[in-house]
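Written out below as structure tokens is the structure these notes cover.
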Amino acid sequence: MANLVMFCILAVVILGSAVMCVTTKSIMRAATFLLFVLFGVAGVYFLLDYTFLGAAQISVYAGGITMLYIFAIQLVSKRTLQGITERMKGSRVITGMLSALIGLVVVGVVLLKNQFIDMSAQMADAEVPMEQIGTALLGSEKYQYVLPFEFISVFLLACIIGGIMIARKEEQK
Amino acid sequence: MIPVEAYLVLSTLLFFIGVFGFVTRRNLIAMLISVELVLNAVDINFAVFNRILFPGQLEGFFMTLFAIGVAAAETAVAIAIIINVYRNFKSDNVNSIENLKW
């Protein structure tokens with residue numbers, strides 16, 4: 001029962017912030033509402049007893065990515081900070097709303113017509129132990145994930161180098 | 001006990017709010033923020049399917065974990081590109097980028 005109440009609060013926070021995030025005109029406010037959405041999603045992970053995932057979500061998304069956005073906004077959108085904001089065309093809003101609604105109805109019907117209800121009682125109300133996560137993350141056997149773990153570290157290095165290459169000022173020749 | 005449909009409805013709504021934002025906004029950073037909403041909806045789905053339908057396994061968990069990492073890298077590179085676009089076109093609007101090479 002307490003879980004249900006928590007879930008309702010989180011759902012309201014997530015959906016309300018997401019709607020505000022895409023409809024607000026100021027980019028800075030959109031970034032702030034994105035932060036609330038990310039915290040709400042981290043709360044959903046905590047609710048599912050994936051504590052490690054929630055911590056990763058908060059530290060990587062809320063701590064890192066939001067900072068990147070705020071720096072980018074400060075560097076790029078000087079007009080936005082001065083109060084001049086982008087205008088939304090009515091035709092584009094209608095197009096977006098139509099496509100989103102059609103997709104929503106299709107996916108919603110597919111999800112709700114499916115029969116996973118009977119299986120949902122299996123969820124144990126216990127945290128996934130950190131030892132299990134660590135063994136699976138750094139083991140090299142079946143259903144263990146050391147290869148993607150190493151791969152993502154190389155990938156992050158490639159992205160760091162790529163980001164610096166793209167963003168640096170080119171020298172005048 | 002939260003029914004699994006509640007999570008799925010939440011993530012579906014979040015996904016299509018993100019799609020709506022992506023179609024509606026014309027500012028590059030705002031579009032990127034909408035993409036983050038979509039990514040988060042997908043992450044919720046992975047975690048929920050893993051936790052509620054297959055509680056003994058960790059596939060969706062690690063998919064979500066790696067998706068968070070990849071999203072961070074993707075955001076960094078995309079923001080580098082946006083800053084470069086702003087430097088060349090003096091605008092952060094998608095409509096200002098009409099040619100691949102100028």
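Labeling convention for the structure tokens: chains A, B, ... as they appear, residues from 1 per chain, ligands from 1 in order of appearance.
Near B:Leu14, within a cut-off of 6 Å and counting only C-alpha atoms, sit the residues B:Ser11, B:Ile17, B:Ala41, with same-chain residues fewer than 3 positions away left out.
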Kindly provide, as a ChimeraX atom specification, the residues of chain B having any atom no farther than 8 Å from an atom of chain A, counting only C-alpha atoms.
/B:1-5,8-10,12-14,16-21,23-27,29-30,33-34,37,40,44,47-48,51-53,55,58-59,61-62,64-66,68-70,72-77,79-81,83-84,86,91-92
Please report, as a VMD selection string, each residue of chain A to which DSSP assigns alpha helix (DSSP H) when run on this structure's backbone.
chain A and resid 2 to 23 27 to 47 51 to 56 66 to 76 78 to 81 90 to 113 130 to 138 146 to 167
Suppose we keep C-alpha atoms; can you now write the selection as a CSV table (one decimal), in the first residue's frame?
chain,number,residue,atom,x,y,z
A,2,ALA,CA,2.8,2.4,0.9
A,3,ASN,CA,4.5,1.4,-2.4
A,4,LEU,CA,1.4,2.2,-4.3
A,5,VAL,CA,1.2,5.7,-2.7
A,6,MET,CA,4.9,6.3,-3.5
A,7,PHE,CA,4.3,5.2,-7.0
A,8,CYS,CA,1.4,7.5,-7.5
A,9,ILE,CA,3.4,10.5,-6.2
A,10,LEU,CA,6.4,9.6,-8.4
A,11,ALA,CA,4.1,9.1,-11.5
A,12,VAL,CA,2.5,12.5,-10.9
A,13,VAL,CA,6.0,14.2,-10.5
A,14,ILE,CA,7.4,12.5,-13.6
A,15,LEU,CA,4.5,13.1,-15.9
A,16,GLY,CA,3.9,16.6,-14.7
A,17,SER,CA,7.5,17.6,-15.0
A,18,ALA,CA,7.8,15.9,-18.4
A,19,VAL,CA,4.8,17.8,-19.7
A,20,MET,CA,6.1,21.1,-18.4
A,21,CYS,CA,9.5,20.2,-19.8
A,22,VAL,CA,8.3,19.9,-23.4
A,23,THR,CA,5.8,22.8,-23.2
A,27,ILE,CA,15.2,26.3,-22.3
A,28,MET,CA,16.6,26.7,-18.9
A,29,ARG,CA,13.3,25.8,-17.3
A,30,ALA,CA,13.1,22.7,-19.6
A,31,ALA,CA,16.5,21.6,-18.2
A,32,THR,CA,15.3,22.1,-14.6
A,33,PHE,CA,12.1,20.1,-15.3
A,34,LEU,CA,14.3,17.4,-16.9
A,35,LEU,CA,16.2,17.2,-13.6
A,36,PHE,CA,12.9,16.5,-11.8
A,37,VAL,CA,12.0,13.8,-14.3
A,38,LEU,CA,15.4,12.1,-13.8
A,39,PHE,CA,14.9,12.2,-10.0
A,40,GLY,CA,11.5,10.7,-10.4
A,41,VAL,CA,12.8,7.9,-12.6
A,42,ALA,CA,15.5,7.2,-10.0
A,43,GLY,CA,12.7,6.9,-7.5
A,44,VAL,CA,11.0,4.4,-9.7
A,45,TYR,CA,14.2,2.3,-9.7
A,46,PHE,CA,14.3,2.6,-5.9
A,47,LEU,CA,10.7,1.4,-5.8
A,51,THR,CA,19.0,0.6,-5.5
A,52,PHE,CA,22.3,0.5,-7.5
A,53,LEU,CA,20.5,1.5,-10.7
A,54,GLY,CA,18.8,4.4,-8.8
A,55,ALA,CA,22.2,5.6,-7.5
A,56,ALA,CA,23.7,5.3,-11.0
A,66,THR,CA,22.1,18.0,-16.4
A,67,MET,CA,25.3,19.9,-15.7
A,68,LEU,CA,26.3,19.4,-19.3
A,69,TYR,CA,22.9,20.8,-20.4
A,70,ILE,CA,23.2,23.8,-18.2
A,71,PHE,CA,26.7,24.6,-19.4
A,72,ALA,CA,25.6,24.2,-23.0
A,73,ILE,CA,22.6,26.5,-22.5
A,74,GLN,CA,24.8,29.1,-20.9
A,75,LEU,CA,27.2,28.9,-23.8
A,76,VAL,CA,24.7,28.7,-26.6
A,78,LYS,CA,22.2,33.8,-24.7
A,79,ARG,CA,18.9,35.0,-26.2
A,80,THR,CA,17.0,32.5,-24.2
A,81,LEU,CA,18.6,33.7,-21.0
A,90,GLY,CA,0.3,25.9,-34.0
A,91,SER,CA,0.5,23.6,-37.0
A,92,ARG,CA,3.6,21.9,-35.6
A,93,VAL,CA,2.0,21.5,-32.2
A,94,ILE,CA,-1.0,19.8,-33.8
A,95,THR,CA,1.2,17.5,-35.9
A,96,GLY,CA,3.2,16.5,-32.8
A,97,MET,CA,0.2,16.0,-30.7
A,98,LEU,CA,-1.5,13.9,-33.4
A,99,SER,CA,1.6,11.6,-33.9
A,100,ALA,CA,2.1,11.3,-30.2
A,101,LEU,CA,-1.6,10.4,-29.6
A,102,ILE,CA,-1.6,7.8,-32.4
A,103,GLY,CA,1.5,6.1,-31.1
A,104,LEU,CA,0.3,6.3,-27.5
A,105,VAL,CA,-3.0,4.6,-28.4
A,106,VAL,CA,-1.3,1.8,-30.4
A,107,VAL,CA,1.4,1.1,-27.8
A,108,GLY,CA,-1.1,1.4,-24.9
A,109,VAL,CA,-3.5,-1.1,-26.5
A,110,VAL,CA,-0.8,-3.6,-27.2
A,111,LEU,CA,0.6,-3.3,-23.7
A,112,LEU,CA,-2.8,-3.5,-21.9
A,113,LYS,CA,-4.1,-6.3,-24.1
A,130,MET,CA,25.2,-5.8,-4.4
A,131,GLU,CA,27.3,-8.9,-4.4
A,132,GLN,CA,25.2,-10.5,-7.2
A,133,ILE,CA,25.4,-7.3,-9.2
A,134,GLY,CA,29.1,-7.1,-8.9
A,135,THR,CA,29.7,-10.7,-9.8
A,136,ALA,CA,27.5,-10.5,-12.8
A,137,LEU,CA,29.1,-7.2,-13.9
A,138,LEU,CA,32.7,-8.4,-13.8
A,146,VAL,CA,32.6,-8.1,-18.4
A,147,LEU,CA,32.8,-7.7,-22.2
A,148,PRO,CA,30.2,-4.9,-22.5
A,149,PHE,CA,31.7,-3.3,-19.4
A,150,GLU,CA,35.2,-3.1,-21.0
A,151,PHE,CA,33.6,-2.1,-24.3
A,152,ILE,CA,31.7,0.8,-22.7
A,153,SER,CA,34.9,2.1,-21.2
A,154,VAL,CA,36.6,2.2,-24.6
A,155,PHE,CA,33.4,3.7,-26.0
A,156,LEU,CA,33.5,6.5,-23.4
A,157,LEU,CA,37.2,7.2,-24.2
A,158,ALA,CA,36.3,7.4,-27.9
A,159,CYS,CA,33.5,9.8,-27.0
A,160,ILE,CA,35.8,12.0,-24.9
A,161,ILE,CA,38.3,12.3,-27.8
A,162,GLY,CA,35.5,12.9,-30.3
A,163,GLY,CA,33.8,15.5,-28.2
A,164,ILE,CA,37.1,17.4,-27.8
A,165,MET,CA,37.9,17.1,-31.5
A,166,ILE,CA,34.5,18.5,-32.5
A,167,ALA,CA,34.2,21.2,-29.9
Atom CA of B:Met31 and atom CA of B:Glu98 are how many Å apart?
17.0 Å
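With only C-alpha atoms as the basis for measurement, B:Leu28 is the residue among B:Leu28, B:Gln57, B:Ala6, B:Phe22 that approaches B:Ser96 most closely.
Atom pair atom CA of B:Ala71 / atom CA of A:Lys142: separated by 25.8 Å.
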Take atom CA of A:Ser140 and atom CA of B:Asp43 and report the distance between them in Å, one decimal.
24.3 Å
